[in-house]
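**Q** entry.tsv is reproduced in full below (TSV, C-alpha atoms).
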chain	number	residue	atom	x	y	z
T	173	MET	CA	132.79	138.52	56.28
T	174	GLU	CA	131.17	141.77	57.49
T	175	LEU	CA	128.31	141.32	55.01
T	176	ALA	CA	127.73	137.77	56.23
T	177	MET	CA	127.65	139.04	59.81
T	178	GLU	CA	125.18	141.78	58.90
T	179	ASN	CA	122.94	139.23	57.16
T	180	ARG	CA	123.05	136.97	60.20
T	181	GLU	CA	122.15	139.84	62.54
T	182	LEU	CA	119.26	140.82	60.25
T	183	LEU	CA	118.00	137.21	60.27
T	184	TRP	CA	117.96	137.08	64.07
T	185	LYS	CA	116.25	140.46	64.27
T	186	GLU	CA	113.47	139.30	61.93
T	187	LEU	CA	113.03	135.97	63.75
T	188	ILE	CA	112.71	137.66	67.15
T	189	GLU	CA	110.45	140.48	65.99
T	190	GLU	CA	108.02	138.02	64.36
T	191	LEU	CA	107.65	135.79	67.44
T	192	PRO	CA	105.68	133.74	68.37
T	193	SER	CA	104.87	132.79	64.76
T	194	THR	CA	108.57	132.12	64.05
T	195	VAL	CA	109.26	130.04	67.17
T	196	ASP	CA	109.95	126.83	65.23
T	197	ASP	CA	112.35	128.57	62.83
T	198	ALA	CA	114.03	130.35	65.75
T	199	GLY	CA	114.50	127.07	67.62
T	200	THR	CA	116.04	125.41	64.56
T	201	ALA	CA	118.38	128.36	63.96
T	202	ILE	CA	119.48	128.41	67.60
T	203	MET	CA	120.33	124.70	67.60
T	204	LYS	CA	122.39	125.15	64.42
T	205	THR	CA	124.28	128.02	66.03
T	206	LEU	CA	124.94	126.02	69.21
T	207	THR	CA	126.35	123.21	67.07
T	208	THR	CA	128.81	125.54	65.33
T	209	ASP	CA	129.57	128.19	67.98
T	210	GLY	CA	128.56	126.63	71.32
T	211	TYR	CA	126.54	129.64	72.43
T	212	LEU	CA	124.21	132.40	71.21
T	213	HIS	CA	123.63	135.88	72.64
T	214	LEU	CA	120.42	137.46	71.33
T	215	LYS	CA	120.32	141.22	71.82
T	216	TRP	CA	116.80	141.87	70.54
T	217	PRO	CA	114.26	142.27	73.36
T	218	MET	CA	111.53	139.68	73.68
T	219	PRO	CA	108.91	139.05	76.37
T	220	MET	CA	109.48	136.23	78.84
T	221	GLU	CA	106.76	134.05	77.30
T	222	ASN	CA	108.53	134.01	73.94
T	223	PHE	CA	111.81	133.10	75.62
T	224	GLU	CA	110.08	130.16	77.30
T	225	ARG	CA	108.42	129.14	74.02
T	226	ILE	CA	111.79	128.99	72.31
T	227	ALA	CA	113.38	127.08	75.19
T	228	ALA	CA	110.59	124.49	75.04
T	229	ARG	CA	111.41	123.92	71.35
T	230	LEU	CA	115.05	123.20	72.21
T	231	GLY	CA	114.33	120.53	74.82
T	232	THR	CA	112.56	119.66	78.03
T	233	ILE	CA	112.73	122.35	80.71
T	234	VAL	CA	113.83	120.49	83.85
T	235	LEU	CA	114.57	123.44	86.15
T	236	ARG	CA	113.73	127.14	86.33
T	237	SER	CA	115.72	129.39	88.69
T	238	ASP	CA	115.90	133.07	89.54
T	239	VAL	CA	119.54	134.13	89.54
T	240	LYS	CA	119.91	137.21	91.72
T	241	VAL	CA	121.67	138.34	94.87
T	242	ASP	CA	119.65	137.27	97.90
T	243	MET	CA	121.78	136.80	100.99
T	244	GLU	CA	119.10	135.00	103.00
T	245	ARG	CA	118.58	132.42	100.26
T	246	ALA	CA	122.36	132.14	99.85
T	247	ARG	CA	122.72	131.27	103.55
T	248	ASN	CA	119.88	128.75	103.36
T	249	GLN	CA	121.43	127.18	100.26
T	250	GLU	CA	124.75	126.82	102.03
T	251	GLN	CA	123.13	124.93	104.92
T	252	VAL	CA	121.89	122.07	102.71
T	253	ARG	CA	125.16	121.62	100.80
T	254	HIS	CA	127.64	118.81	101.32
T	255	ILE	CA	130.41	120.80	99.61
T	256	ARG	CA	130.37	124.21	101.25
T	257	GLY	CA	132.10	127.47	100.51
T	258	ARG	CA	131.40	127.47	96.79
T	259	GLY	CA	129.66	130.23	94.86
T	260	GLY	CA	125.98	130.15	94.03
T	261	ILE	CA	123.21	131.90	92.15
T	262	TYR	CA	122.15	133.94	95.20
T	263	SER	CA	125.61	135.02	96.31
T	264	PRO	CA	127.49	138.10	95.03
T	265	SER	CA	130.77	136.11	95.17
T	266	PRO	CA	132.43	135.38	91.82
T	267	LEU	CA	131.42	132.24	89.95
T	268	HIS	CA	134.48	130.68	88.37
T	269	LEU	CA	134.24	128.99	84.99
T	270	HIS	CA	132.17	125.81	85.13
T	271	THR	CA	129.40	123.77	83.56
T	272	ASP	CA	126.10	123.29	85.35
T	273	PRO	CA	124.91	119.87	86.55
T	274	ASN	CA	121.96	117.95	85.11
T	275	ALA	CA	121.52	120.01	81.93
T	276	ASP	CA	122.46	119.61	78.27
T	277	LEU	CA	121.61	123.21	77.44
T	278	VAL	CA	121.32	126.26	79.69
T	279	SER	CA	119.50	129.47	78.79
T	280	TRP	CA	119.14	132.81	80.55
T	281	TYR	CA	116.73	135.73	80.22
T	282	CYS	CA	117.86	139.06	81.67
T	283	VAL	CA	115.00	140.57	83.69
T	284	GLU	CA	117.10	143.36	85.20
T	285	GLN	CA	120.73	144.46	85.02
T	286	ASP	CA	123.07	146.68	87.01
T	287	GLU	CA	124.21	149.97	85.48
T	288	ALA	CA	127.80	148.70	85.48
T	289	GLY	CA	126.86	145.57	83.55
T	290	GLY	CA	127.64	142.25	85.17
T	291	PRO	CA	128.87	140.46	82.02
T	292	MET	CA	128.78	136.71	81.55
T	293	LEU	CA	132.16	135.06	80.95
T	294	MET	CA	132.70	131.95	78.82
T	295	VAL	CA	135.33	129.73	77.27
T	296	ASP	CA	134.80	127.24	74.46
T	297	LEU	CA	136.20	123.73	75.04
T	298	GLY	CA	134.98	122.41	71.72
T	299	ASP	CA	138.58	121.83	70.58
T	300	MET	CA	139.62	119.38	73.32
T	301	GLU	CA	140.46	116.71	70.73
T	302	GLN	CA	143.15	119.02	69.33
T	303	HIS	CA	144.87	119.39	72.72
T	304	PHE	CA	144.49	115.95	74.30
T	305	SER	CA	145.28	112.51	72.95
T	306	VAL	CA	142.65	109.77	72.79
T	307	GLU	CA	144.42	108.14	75.72
T	308	GLU	CA	144.31	111.35	77.78
T	309	LEU	CA	140.63	111.89	76.99
T	310	GLY	CA	140.01	108.32	78.07
T	311	ILE	CA	141.72	109.05	81.39
T	312	LEU	CA	139.56	112.16	81.87
T	313	GLY	CA	136.57	109.95	81.15
T	314	LYS	CA	137.46	107.95	84.25
T	315	VAL	CA	137.85	111.07	86.40
T	316	GLU	CA	134.68	111.52	88.44
T	317	LEU	CA	133.35	114.75	89.90
T	318	TRP	CA	130.47	115.17	92.31
T	319	SER	CA	127.25	116.25	90.59
T	320	PRO	CA	124.92	117.98	93.08
T	321	ALA	CA	121.12	117.88	92.93
T	322	ARG	CA	118.16	118.46	95.21
T	323	LYS	CA	114.39	118.38	94.79
T	324	SER	CA	113.81	121.68	96.60
T	325	GLU	CA	115.84	124.45	98.20
T	326	ALA	CA	114.99	123.14	101.68
T	327	GLU	CA	116.17	119.57	101.06
T	328	GLN	CA	119.72	118.35	101.59
T	329	GLU	CA	121.55	118.05	98.28
T	330	THR	CA	122.64	114.68	96.96
T	331	LEU	CA	125.99	114.05	95.25
T	332	THR	CA	126.31	111.65	92.32
T	333	PRO	CA	129.69	110.59	90.86
T	334	THR	CA	129.77	111.83	87.25
T	335	PRO	CA	132.53	111.44	84.62
T	336	MET	CA	134.33	114.61	83.63
T	337	VAL	CA	134.42	113.68	79.93
T	338	THR	CA	132.07	111.53	77.89
T	339	ARG	CA	131.89	110.78	74.18
T	340	GLU	CA	128.44	110.97	72.61
T	341	ASN	CA	127.38	111.20	68.97
T	342	GLY	CA	130.98	111.47	67.82
T	343	ARG	CA	132.10	114.31	70.07
T	344	TYR	CA	133.52	114.78	73.54
T	345	LYS	CA	131.36	116.43	76.18
T	346	ILE	CA	132.57	118.05	79.37
T	347	PHE	CA	131.25	118.24	82.93
T	348	TYR	CA	133.48	120.44	85.06
T	349	ALA	CA	133.45	122.70	88.10
T	350	PRO	CA	136.70	122.96	90.10
T	351	TRP	CA	134.83	122.87	93.43
T	352	LEU	CA	133.25	119.51	92.53
T	353	LEU	CA	136.55	117.68	92.05
T	354	ARG	CA	137.36	114.98	94.57
T	355	GLU	CA	140.17	115.54	97.03
T	356	SER	CA	142.63	113.27	95.22
T	357	TYR	CA	143.06	111.13	92.10
T	358	ASP	CA	145.57	108.52	91.00
T	359	GLY	CA	148.81	109.32	89.18
T	360	ASP	CA	147.55	109.27	85.57
T	361	ALA	CA	144.41	111.21	86.44
T	362	SER	CA	146.38	113.81	88.40
T	363	ARG	CA	148.81	114.24	85.51
T	364	VAL	CA	146.08	114.79	82.89
T	365	LEU	CA	144.06	116.99	85.24
T	366	GLU	CA	147.11	119.20	85.65
T	367	LYS	CA	147.37	119.45	81.87
T	368	PHE	CA	143.65	120.28	81.70
T	369	THR	CA	144.11	123.04	84.28
T	370	ASP	CA	146.91	124.57	82.18
T	371	TYR	CA	144.76	124.24	79.03
T	372	LEU	CA	141.84	126.00	80.73
T	373	LYS	CA	144.11	128.75	82.10
T	374	GLN	CA	145.48	129.40	78.61
T	375	LYS	CA	141.92	129.57	77.26
T	376	GLU	CA	140.89	132.00	79.97
T	377	ASP	CA	143.93	134.21	79.35
T	378	THR	CA	143.68	134.34	75.56
T	379	GLN	CA	140.17	133.31	74.44
T	380	LEU	CA	137.81	134.52	77.17
T	381	ILE	CA	134.38	135.46	75.79
T	382	THR	CA	132.78	138.43	77.57
T	383	LEU	CA	129.07	138.99	77.00
T	384	PRO	CA	127.73	142.36	78.24
T	385	VAL	CA	124.20	141.19	79.01
T	386	LYS	CA	121.53	143.88	78.93
T	387	LYS	CA	117.92	143.92	80.09
T	388	HIS	CA	115.74	141.53	78.03
T	389	ASP	CA	118.77	139.92	76.34
T	390	THR	CA	118.76	136.12	76.08
T	391	ILE	CA	121.65	133.65	76.07
T	392	PHE	CA	121.65	129.99	75.02
T	393	VAL	CA	124.60	127.71	75.78
T	394	ASP	CA	125.71	124.16	75.00
T	395	ASN	CA	126.39	123.22	78.60
T	396	ARG	CA	128.48	120.18	77.63
T	397	ARG	CA	130.92	122.29	75.62
T	398	MET	CA	131.05	125.83	77.07
T	399	LEU	CA	132.19	126.82	80.56
T	400	HIS	CA	130.55	129.95	81.96
T	401	GLY	CA	130.95	132.20	85.00
T	402	ARG	CA	131.02	135.80	86.15
T	403	SER	CA	133.03	138.16	88.33
T	404	ALA	CA	131.87	139.33	91.76
T	405	LEU	CA	128.73	141.46	92.04
T	406	PRO	CA	128.01	144.25	94.52
T	407	ALA	CA	125.97	143.15	97.54
T	408	THR	CA	123.32	145.64	96.41
T	409	SER	CA	123.18	144.24	92.86
T	410	LYS	CA	119.78	144.30	91.15
T	411	ARG	CA	120.97	141.93	88.39
T	412	HIS	CA	118.25	139.32	87.83
T	413	LEU	CA	118.41	136.47	85.33
T	414	VAL	CA	115.89	133.70	84.81
T	415	ARG	CA	117.81	130.48	84.13
T	416	LEU	CA	116.41	127.38	82.47
T	417	TYR	CA	118.02	123.93	82.49
T	418	LEU	CA	117.13	121.99	79.36
T	419	ARG	CA	117.42	118.32	78.50
T	420	ALA	CA	118.05	118.22	74.76
T	421	ALA	CA	115.22	116.99	72.57
Taking this structure as input, can you express it in the form of structure tokens?

**A**
Amino acid sequence: MELAMENRELLWKELIEELPSTVDDAGTAIMKTLTTDGYLHLKWPMPMENFERIAARLGTIVLRSDVKVDMERARNQEQVRHIRGRGGIYSPSPLHLHTDPNADLVSWYCVEQDEAGGPMLMVDLGDMEQHFSVEELGILGKVELWSPARKSEAEQETLTPTPMVTRENGRYKIFYAPWLLRESYDGDASRVLEKFTDYLKQKEDTQLITLPVKKHDTIFVDNRRMLHGRSALPATSKRHLVRLYLRAA
């Protein structure tokens, strides 16, 4: 097992060091890893342009965002929201475990990091079929959350009803953020949502993935399988990630 891990680390090191000539091989290897593991944390430094080259091989880049504490932008973002009081990419407040809207894959490039870290937190929901019956998954498929979107930071966001669970290409995919749930659901939906909340709590307590992201690290995530978040940051945080939303190729 340790030898296999060492061989895998050596493979990633060689792929990253030989970029951009290995961008196609790197993209293929990343997609294979996302299929098996749901996420990938690359710890070998690469320039931003190589990160973007790889991302473009994985899918269509539909949104690029700078994730960093900026209180003025956080206040402006809050003003155009329909659902207020939730965390955001410009706020130092904690971001609880969630998926992002309007993206199949999400990737991050760490431009700068705080001395204390600022790790990314994740849980893997790729085993939902083992914890919920087909009937329960069907009920979750009828549960709708609000999916926010806007064309620019100055425009009012729009909310689109989006199913929490869908089944595509033989597997279940998740869209979830607790702050995007509607105020109430019917009896069956409430019952299965309560079970989902317990399932997620158990995952967070026993299977939480903590990624200590360092400067120039990159992370790739299957956004329809993995939930991600982070703890609170200091108001003076210099942590800066570039985030890309990808629509899978």

**Q** Give me, please, the distance in Å between atom CA of Thr332 of chain T and atom CA of Glu316 of chain T, quoted to one decimal.

**A**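 So the answer is 9.2 Å.
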
**Q** Taking only C-alpha atoms into account, name the residue in T:Leu187, T:Ser237, T:Thr232, T:Glu340 that is nearest to Ala421 of chain T.

**A**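 Among the listed residues, the smallest separation from Ala421 of chain T belongs to T:Thr232.
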
**Q** Could you pull the residues within 6 Å of segment 377-390 of chain T, counting all atoms listed in the file, minus those fewer than 5 positions along the same chain, as a count of residues only?

**A** 15

**Q** Could you tell me how far atom CA of Leu331 of chain T sits from atom CA of Ile311 of chain T, in Å to one decimal place?

**A**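 Atom CA of Leu331 of chain T lies at a distance of 21.6 Å from atom CA of Ile311 of chain T.
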
**Q** With distances taken over only C-alpha atoms, which of T:Val195, T:Ile202, T:Val241, T:Ile226 is nearest to Leu405 of chain T?

**A**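 The answer is T:Val241, which sits nearest to Leu405 of chain T.
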
**Q** At a cut-off of 8 Å, using all atoms listed in the file, what residues contact Leu206 of chain T? Leave out same-chain residues fewer than 3 positions from it and give the result as a list in words.

**A**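 The filter keeps Ile202, Met203, Asp209, Gly210, Tyr211, Leu212, Phe392, Val393 and Asp394 of chain T.
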
**Q** Provide the atom CA of Ser362 of chain T to atom CA of Leu269 of chain T distance in Å, to one decimal place.

**A** 19.7 Å

**Q** Rank nothing, just name the residue among T:Leu372, T:Met243, T:Leu277, T:Leu365 nearest to Thr408 of chain T, using all atoms listed in the file.

**A**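 Among T:Leu372, T:Met243, T:Leu277, T:Leu365, it is T:Met243 that comes nearest to Thr408 of chain T.
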
**Q** List every residue of segment 288-406 of chain T that has an atom at most 8 Å from any atom of segment 253-257 of chain T, and for each one report the closest atom pair and its distance in Å to one decimal, counting only C-alpha atoms, with rows sorted by chain and then by increasing residue number, as a Markdown table.

**A**
| residue | atom | partner | partner_atom | distance |
| --- | --- | --- | --- | --- |
| T:Gln328 | CA | T:Arg253 | CA | 6.4 |
| T:Glu329 | CA | T:Arg253 | CA | 5.7 |
| T:Thr330 | CA | T:His254 | CA | 7.8 |
| T:Leu331 | CA | T:His254 | CA | 7.9 |
| T:Trp351 | CA | T:Ile255 | CA | 7.9 |
| T:Leu352 | CA | T:Ile255 | CA | 7.7 |

**Q** So, counting all atoms listed in the file, which residue among T:Met220, T:Val337, T:Val252, T:Ala404 is closest to Pro320 of chain T?

**A**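 For Pro320 of chain T, the nearest of the given residues is T:Val252.
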
**Q** Rank nothing, just name the residue among T:Tyr344, T:Tyr262, T:Met336, T:Ser324 nearest to Val306 of chain T, using all atoms listed in the file.

**A**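 Ranked by minimum distance to Val306 of chain T, first place goes to T:Tyr344.
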
**Q** With all atoms listed in the file as the counted atoms, please give the residues lying no more than 7 Å from Thr334 of chain T, apart from itself and same-chain residues fewer than 5 positions off, as a PyMOL selection string.

**A** chain T and resi 316-319
